[in-house]
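Visitor: Have a look at this one.
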Amino acid sequence: MNIKTYFSVAACTLPMAMSVSAQEVESPDSPDNAEFETIIVTAQRRDQALQDVPLAISAFNKGSIERGDLDSVGKLEGQVPGLVVSTTNTRSNISIRGIGSGLATAAAESGVPVNVDGVYMTRTTLQGTVFADLQQIEVLRGPQGTLYGRNATGGTINIWTKQPDDELSGEVSTLQGNAGRKRVRGVFSTPISETLSARFGLEFDENDGHVKNITLDEMADPEEHKSARAVFNWMATDELDVVFRVNVSEDEVGAMFNQYLSTQGAIVNPISDIAPNPPFLPAGYTAGQSSDDKLNIRNDQRSRLSFEDKVFSLTASYDMDWAVLKSVTAYQEHVTLGISDNDGTSGAYATQSVDDDSEAWTQEFTLSGDDDNLDWVVGTWYLDDTLEAKQEITLIGFFPDLGPAQAAPVFNYNQETESLAVFGQATYHVSDSLRLTAGLRYTDEEKTVYQTVAGFGAPAEGTDNLSYTEVSPKASIDYNLNDDMMIYASVSKGFKAGGVNVNQIGQIYDPETLLSYETGLKSDWLEGHFQANVNAYYYDFEGFQANSIVGISSVTTNAADAEVTGLEFEFRLIPMDGLTLKTNVAWADSEFGEYFAPNTFGPTGVTNLEGNRLPSQAEYSGNISALYELSVGDGLVTLSFDHAFSSSYYLDIDNSDYAEQGSYGKTNIRASYLFEAGSLEGLELSLFANNLEDDLQLTKVKAGNILAGVMAEYSDPRTFGAELRYRF
């Protein structure tokens, strides 16, 4: 079934489903409680029901998170309209509606920032980590320049972890799966005094990997994750609430170990032996071997990356009756170490090592309140971020005059960033049905960059001082046509700061700005048994930050302009007691304006990419899911089905054949039984299988590597296993 057939089936079946469900919910036998749980979100810095927020937003409560095992940002792909998560070297690239970041360097900043418990995550490495003990996830689509500010041109992901309970509680779980998957989690929550409570969590997760390195006769991509978390909640007074959080984690994963797909700039099918020798190699060196199998590679070098992340935060809220004053103070450290086979073959031609170390302080103050006709929030936000990054590329035998010696260029990059913002937003209730919202954010950001390069001729160095100021406004109107239907329209601006290319001294790229126009409908039907949300948007980009490959380096440049137009549909239906059906479908069209980008292959120069689609943006994508709950004996059976689908899209700005992910569908299923009474009360057994189609999606592509070819990485094949969980 192709993607247009999916779209047609969804569009045609919804009216029939609505008609059938209308008959069922009007039946005297229909239960009164068979309606959707109200999800409370904080997207506008205040508590609101999801259906009352005039934004394109997807939210997942703790039940949805557990059933979908949504413990990382990557697992949200397919669950949120227009969301694509790919990787570039050590970074996670989160894209919403085609807006994200293709940067593959330590200085990479995402157009879709991730906030964990209100703390802005400064490095994109953390966006790929595992988050345990989650309470809720909110994905805001579209620029969030007013309330969330820094770099939020594509949207914002807010992750909220669980708070300590008022009484002794906890849970332990163990998971076993194929490919040597093992996971153990433990959570313990306890009151310490009448005003102080605590929650502690530990996790260990590992697998043997799915890709074999034939040359070294070992698995190439084993993974290991370890994390610990502690939360202390002090209710100092009835008005003052203080929460202190500590999160530490260590991860080891496979790096750029991927198969070699072409030679000498000619894009061809994968080959087993590279011939003739790449032109860089002197006489006497034999080209290595590569593999045409996505799950088998030939590398002479073991490629590994390790991440160490520490985040400490202190959140204090003081209720002054007329307003709430809130402070969020955070300190974070991120360390990345790694080495990878940079030629992607069995030949010992090139390796690359990385050593990145960053630390940051953030401070936010907000004051929010509401009275009869006005909801408002004002605040200030400050960032002090220090980054030290080092890359070393070892080139063996590439220079005949060096003989068997090695050339090892070393890139050092040091960056200091200070960003200060003040913001405010207010919603005025003109009547019980009509509301007007206006917001504004002023950003002042400075970056100081010092770079050195050694190993290619004479050493070089450079210093750049960058300064940016930007005003990001927002205006919207929303109107309730009746108690169950709201329409809204908004115009907003997003801003993403510029920077300096890590491996190119003095090559500066400018900020990008996005002007967004959006309108939508949110509605409830059939006495709360059917929800239908629809929105349309238009993006007008200036200075889109695009990633190109020049030689062996990843370089960011600014496209002249870009445009995006899209439609998104989200539907939820309860046709009978215990059964919930959901679907979302997104359509998007995008293109660059006149944009002369550096050639990846071929002669030195530029190519006009006018008319190309933005990276990571499919024309059609969506999701169909079903959840069925049934009481059996002393427990509850839960069956879930989830199918994500997408038309083809490109992972590069050139819209190259080698960077195209074709249309696909991916199905996940899960079955659980929870004992709700008896001696086994609290015990739950689950069986799951992911990617039933065993289809591998392209998640990473690197062109123009040291052998003038292309390397690629793919998603996991079919995985399955069982999980045992006990709650007390």
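Simple scheme: letters A, B, ... for chains in structure tokens order, numbers from 1 for residues in each chain, numbers from 1 for ligands in the order shown.
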Might you pull out every residue within 7 Å of A:Phe232, with only C-alpha atoms counted and same-chain residues fewer than 3 positions away left off, and present them as a PDB file with N, CA and C atoms, in the first residue's frame?
Guide:
ATOM      1  N   SER A 197      10.167  15.234  50.472  1.00  0.00           N
ATOM      2  CA  SER A 197      10.052  13.899  49.881  1.00  0.00           C
ATOM      3  C   SER A 197      11.117  13.742  48.809  1.00  0.00           C
ATOM      4  N   ALA A 198      11.403  12.480  48.459  1.00  0.00           N
ATOM      5  CA  ALA A 198      12.483  12.213  47.513  1.00  0.00           C
ATOM      6  C   ALA A 198      12.098  11.075  46.580  1.00  0.00           C
ATOM      7  N   ARG A 199      12.732  11.079  45.412  1.00  0.00           N
ATOM      8  CA  ARG A 199      12.532  10.019  44.424  1.00  0.00           C
ATOM      9  C   ARG A 199      13.887   9.686  43.803  1.00  0.00           C
ATOM     10  N   VAL A 243      12.182  22.281  44.240  1.00  0.00           N
ATOM     11  CA  VAL A 243      12.525  20.967  43.691  1.00  0.00           C
ATOM     12  C   VAL A 243      13.978  20.997  43.233  1.00  0.00           C
ATOM     13  N   PHE A 244      14.765  20.042  43.732  1.00  0.00           N
ATOM     14  CA  PHE A 244      16.162  19.895  43.323  1.00  0.00           C
ATOM     15  C   PHE A 244      16.315  18.570  42.585  1.00  0.00           C
ATOM     16  N   ARG A 245      16.916  18.619  41.386  1.00  0.00           N
ATOM     17  CA  ARG A 245      17.049  17.422  40.549  1.00  0.00           C
ATOM     18  C   ARG A 245      18.512  17.199  40.171  1.00  0.00           C
TER      19      ARG A 245
END
Visitor: Among the residues of stretch 105-347 of chain A, find those DSSP assigns to strand (DSSP E) from the backbone and print them as a PyMOL selection string.
Guide: chain A and resi 114-116+119-120+134-141+155-161+169-177+181-191+196-207+212-213+218-219+223-235+240-254+259-260+296-297+304-319+324-341
Visitor: Counting only C-alpha atoms, which of A:His643, A:Arg302, A:Arg123, A:Lys496 gets nearest to A:Ser419?
Guide: A:Lys496
Visitor: Residues near A:Phe675, anyone? I mean within 7 Å using only C-alpha atoms, not counting same-chain ones fewer than 2 positions away, as a ChimeraX atom specification.
Guide: /A:634-636,673,677,680-684
Visitor: Give me a file of those residues, with all heavy atoms, as a PDB file, in the first residue's frame.
Guide:
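And here is the file that came out, selection_15.pdb:
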ATOM      1  N   ASP A 634      -8.391 -11.390  37.373  1.00  0.00           N
ATOM      2  CA  ASP A 634      -8.015 -10.379  38.355  1.00  0.00           C
ATOM      3  C   ASP A 634      -7.137  -9.284  37.757  1.00  0.00           C
ATOM      4  O   ASP A 634      -6.480  -8.535  38.497  1.00  0.00           O
ATOM      5  CB  ASP A 634      -7.245 -11.032  39.513  1.00  0.00           C
ATOM      6  CG  ASP A 634      -8.145 -11.902  40.383  1.00  0.00           C
ATOM      7  OD1 ASP A 634      -9.366 -11.642  40.403  1.00  0.00           O
ATOM      8  OD2 ASP A 634      -7.622 -12.840  41.014  1.00  0.00           O
ATOM      9  N   GLY A 635      -7.112  -9.183  36.450  1.00  0.00           N
ATOM     10  CA  GLY A 635      -6.199  -8.219  35.848  1.00  0.00           C
ATOM     11  C   GLY A 635      -6.744  -7.554  34.605  1.00  0.00           C
ATOM     12  O   GLY A 635      -7.913  -7.707  34.229  1.00  0.00           O
ATOM     13  N   LEU A 636      -5.863  -6.800  33.973  1.00  0.00           N
ATOM     14  CA  LEU A 636      -6.216  -5.997  32.804  1.00  0.00           C
ATOM     15  C   LEU A 636      -5.299  -6.374  31.648  1.00  0.00           C
ATOM     16  O   LEU A 636      -4.070  -6.345  31.768  1.00  0.00           O
ATOM     17  CB  LEU A 636      -6.060  -4.507  33.124  1.00  0.00           C
ATOM     18  CG  LEU A 636      -6.370  -3.520  31.991  1.00  0.00           C
ATOM     19  CD1 LEU A 636      -7.867  -3.520  31.688  1.00  0.00           C
ATOM     20  CD2 LEU A 636      -5.898  -2.121  32.370  1.00  0.00           C
ATOM     21  N   TYR A 673      -0.320  -7.831  30.422  1.00  0.00           N
ATOM     22  CA  TYR A 673      -1.306  -8.260  31.417  1.00  0.00           C
ATOM     23  C   TYR A 673      -0.875  -7.726  32.776  1.00  0.00           C
ATOM     24  O   TYR A 673       0.231  -8.020  33.253  1.00  0.00           O
ATOM     25  CB  TYR A 673      -1.434  -9.782  31.472  1.00  0.00           C
ATOM     26  CG  TYR A 673      -2.547 -10.229  32.404  1.00  0.00           C
ATOM     27  CD1 TYR A 673      -3.874 -10.198  31.978  1.00  0.00           C
ATOM     28  CD2 TYR A 673      -2.273 -10.645  33.703  1.00  0.00           C
ATOM     29  CE1 TYR A 673      -4.901 -10.590  32.827  1.00  0.00           C
ATOM     30  CE2 TYR A 673      -3.283 -11.047  34.560  1.00  0.00           C
ATOM     31  CZ  TYR A 673      -4.603 -11.013  34.114  1.00  0.00           C
ATOM     32  OH  TYR A 673      -5.616 -11.386  34.960  1.00  0.00           O
ATOM     33  N   ALA A 677      -5.316  -7.410  41.397  1.00  0.00           N
ATOM     34  CA  ALA A 677      -5.770  -7.916  42.701  1.00  0.00           C
ATOM     35  C   ALA A 677      -5.043  -9.219  42.996  1.00  0.00           C
ATOM     36  O   ALA A 677      -4.348  -9.779  42.146  1.00  0.00           O
ATOM     37  CB  ALA A 677      -7.293  -8.124  42.697  1.00  0.00           C
ATOM     38  N   LEU A 680      -0.470 -11.254  43.414  1.00  0.00           N
ATOM     39  CA  LEU A 680       0.415 -10.712  42.381  1.00  0.00           C
ATOM     40  C   LEU A 680       0.048  -9.276  41.992  1.00  0.00           C
ATOM     41  O   LEU A 680       0.512  -8.775  40.963  1.00  0.00           O
ATOM     42  CB  LEU A 680       0.380 -11.601  41.135  1.00  0.00           C
ATOM     43  CG  LEU A 680       0.875 -13.039  41.319  1.00  0.00           C
ATOM     44  CD1 LEU A 680       0.756 -13.803  40.012  1.00  0.00           C
ATOM     45  CD2 LEU A 680       2.321 -13.053  41.807  1.00  0.00           C
ATOM     46  N   GLU A 681      -0.750  -8.640  42.816  1.00  0.00           N
ATOM     47  CA  GLU A 681      -1.186  -7.277  42.495  1.00  0.00           C
ATOM     48  C   GLU A 681       0.025  -6.359  42.255  1.00  0.00           C
ATOM     49  O   GLU A 681       0.970  -6.335  43.034  1.00  0.00           O
ATOM     50  CB  GLU A 681      -2.030  -6.701  43.629  1.00  0.00           C
ATOM     51  CG  GLU A 681      -2.546  -5.298  43.354  1.00  0.00           C
ATOM     52  CD  GLU A 681      -3.394  -4.760  44.484  1.00  0.00           C
ATOM     53  OE1 GLU A 681      -3.636  -5.526  45.463  1.00  0.00           O
ATOM     54  OE2 GLU A 681      -3.814  -3.581  44.411  1.00  0.00           O
ATOM     55  N   GLY A 682      -0.032  -5.626  41.144  1.00  0.00           N
ATOM     56  CA  GLY A 682       1.048  -4.711  40.793  1.00  0.00           C
ATOM     57  C   GLY A 682       2.035  -5.275  39.796  1.00  0.00           C
ATOM     58  O   GLY A 682       2.894  -4.545  39.274  1.00  0.00           O
ATOM     59  N   LEU A 683       1.931  -6.587  39.513  1.00  0.00           N
ATOM     60  CA  LEU A 683       2.850  -7.230  38.571  1.00  0.00           C
ATOM     61  C   LEU A 683       2.292  -7.124  37.154  1.00  0.00           C
ATOM     62  O   LEU A 683       1.107  -7.377  36.921  1.00  0.00           O
ATOM     63  CB  LEU A 683       3.041  -8.697  38.954  1.00  0.00           C
ATOM     64  CG  LEU A 683       4.091  -9.477  38.158  1.00  0.00           C
ATOM     65  CD1 LEU A 683       5.490  -8.948  38.449  1.00  0.00           C
ATOM     66  CD2 LEU A 683       3.997 -10.971  38.488  1.00  0.00           C
ATOM     67  N   GLU A 684       3.150  -6.785  36.198  1.00  0.00           N
ATOM     68  CA  GLU A 684       2.720  -6.653  34.806  1.00  0.00           C
ATOM     69  C   GLU A 684       3.735  -7.338  33.890  1.00  0.00           C
ATOM     70  O   GLU A 684       4.937  -7.139  34.001  1.00  0.00           O
ATOM     71  CB  GLU A 684       2.591  -5.182  34.413  1.00  0.00           C
ATOM     72  CG  GLU A 684       2.106  -4.971  32.979  1.00  0.00           C
ATOM     73  CD  GLU A 684       1.972  -3.506  32.612  1.00  0.00           C
ATOM     74  OE1 GLU A 684       2.736  -2.684  33.177  1.00  0.00           O
ATOM     75  OE2 GLU A 684       1.115  -3.177  31.762  1.00  0.00           O
TER      76      GLU A 684
END
Visitor: Would you kindly return, as a ChimeraX atom specification, each protein, DNA or RNA residue with an atom no farther than 8 Å from any atom of stretch 317-327 of chain A, considering only C-alpha atoms and excluding same-chain residues fewer than 6 positions away?
Guide: /A:239-242,363-370
Visitor: Using only C-alpha atoms for the distances, tell me which of A:Tyr726, A:Tyr628, A:Trp587, A:Tyr517 is nearest to A:Tyr537.
Guide: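 Distance minimum relative to A:Tyr537 lands on A:Tyr517.
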Visitor: Show me a table, sorted first by chain and then by increasing residue number, of the residues of stretch 166-276 of chain A having an atom at most 12 Å from stretch 58-80 of chain A, each with its shortest atom pair and the distance in Å to one decimal, counting only C-alpha atoms and written as a Markdown table.
Guide:
| residue | atom | partner | partner_atom | distance |
| --- | --- | --- | --- | --- |
| A:Ser173 | CA | A:Glu66 | CA | 11.6 |
| A:Leu175 | CA | A:Asp69 | CA | 11.3 |
| A:Glu203 | CA | A:Asp71 | CA | 11.6 |
| A:Asp205 | CA | A:Asp71 | CA | 11.6 |
Visitor: Can those selected residues be exported to a file as an mmCIF file, in the first residue's frame so that it contains N, CA, C and O atoms?
Guide:
data_model
loop_
_atom_site.group_PDB
_atom_site.id
_atom_site.type_symbol
_atom_site.label_atom_id
_atom_site.label_comp_id
_atom_site.auth_asym_id
_atom_site.auth_seq_id
_atom_site.Cartn_x
_atom_site.Cartn_y
_atom_site.Cartn_z
ATOM 1 N N SER A 173 11.690 -3.059 37.055
ATOM 2 C CA SER A 173 11.358 -3.743 35.815
ATOM 3 C C SER A 173 12.615 -4.316 35.197
ATOM 4 O O SER A 173 13.723 -3.808 35.400
ATOM 5 N N LEU A 175 13.832 -6.098 31.317
ATOM 6 C CA LEU A 175 13.468 -6.334 29.926
ATOM 7 C C LEU A 175 14.535 -7.196 29.273
ATOM 8 O O LEU A 175 15.735 -6.978 29.475
ATOM 9 N N GLU A 203 19.082 3.022 36.160
ATOM 10 C CA GLU A 203 18.785 2.280 34.934
ATOM 11 C C GLU A 203 20.075 1.753 34.321
ATOM 12 O O GLU A 203 21.108 2.431 34.312
ATOM 13 N N ASP A 205 20.979 -0.383 30.601
ATOM 14 C CA ASP A 205 20.406 -0.860 29.346
ATOM 15 C C ASP A 205 21.547 -1.175 28.390
ATOM 16 O O ASP A 205 22.439 -0.340 28.184
#
Visitor: Kindly indicate which residue among A:Tyr450, A:Phe720, A:Trp160, A:Phe131 lies nearest to A:Asp309, using only C-alpha atoms for the distances.
Guide: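 Of all the options, A:Phe131 lies closest to A:Asp309.
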Visitor: Name all residues at most 8 Å from A:Glu138 (count only C-alpha atoms; drop same-chain ones fewer than 2 positions away) and give them as a ChimeraX atom specification.
Guide: /A:41,43,57-60,136,140,157-159
Visitor: Separation of atom CA of A:Gly520 and atom CA of A:Asp371, in Å?
Guide: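 Between these atoms lies a distance of 26.7 Å.
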Visitor: Quick one: of A:Leu581, A:Ile508, A:Thr329, A:Val710, who's nearest to A:Leu314, counting only C-alpha atoms?
Guide: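 Distance minimum relative to A:Leu314 lands on A:Thr329.
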Visitor: For a quick check of understanding, using only C-alpha atoms, which of A:Phe200, A:Trp234, A:Phe307, A:Tyr349 has the smallest distance to A:Lys162?
Guide: A:Phe200
Visitor: Residues within 12 Å of A:Glu594, please, as a ChimeraX atom specification. Count only C-alpha atoms; anything in the same chain fewer than 3 positions from it doesn't count.
Guide: /A:542-544,558-563,591,597,606-612
Visitor: Name the residues in contact with A:Ala689 at a cut-off of 8 Å, using only C-alpha atoms, excluding same-chain residues fewer than 3 positions from it; report them as number ranges by chain.
Guide: A: 668-670, 692, 718-721
Visitor: For the residues selected in the previous step, produce a file with C-alpha atoms as a compact mmCIF listing (two decimals), in the first residue's frame.
Guide:
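This is the output file again_18.txt:
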# COMPACT_ATOMS: atom_id res chain seq x y z
CA ASN A 668 5.07 -1.93 16.50
CA ILE A 669 2.87 -4.16 18.66
CA ARG A 670 2.66 -4.78 22.42
CA LEU A 692 7.62 -6.02 12.17
CA ARG A 718 13.11 -6.06 13.76
CA THR A 719 13.41 -6.24 17.55
CA PHE A 720 11.31 -8.15 20.06
CA GLY A 721 11.30 -9.12 23.71
Visitor: Considering only C-alpha atoms, state which residue in the set A:Ile99, A:Ala106, A:Ala230, A:Val410 is at the smallest distance from A:Gln163.
Guide: A:Ala230
Visitor: So the first atom is atom CA of A:Gln176 and the second is atom CA of A:Ala132; what is the distance between them in Å, to one decimal place?
Guide: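 Atom CA of A:Gln176 sits 17.0 Å away from atom CA of A:Ala132.
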Visitor: Between atom CA of A:Ser467 and atom CA of A:Ala454, what is the spacing in Å?
Guide: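 Taking atom CA of A:Ala454 and atom CA of A:Ser467, their separation equals 27.7 Å.
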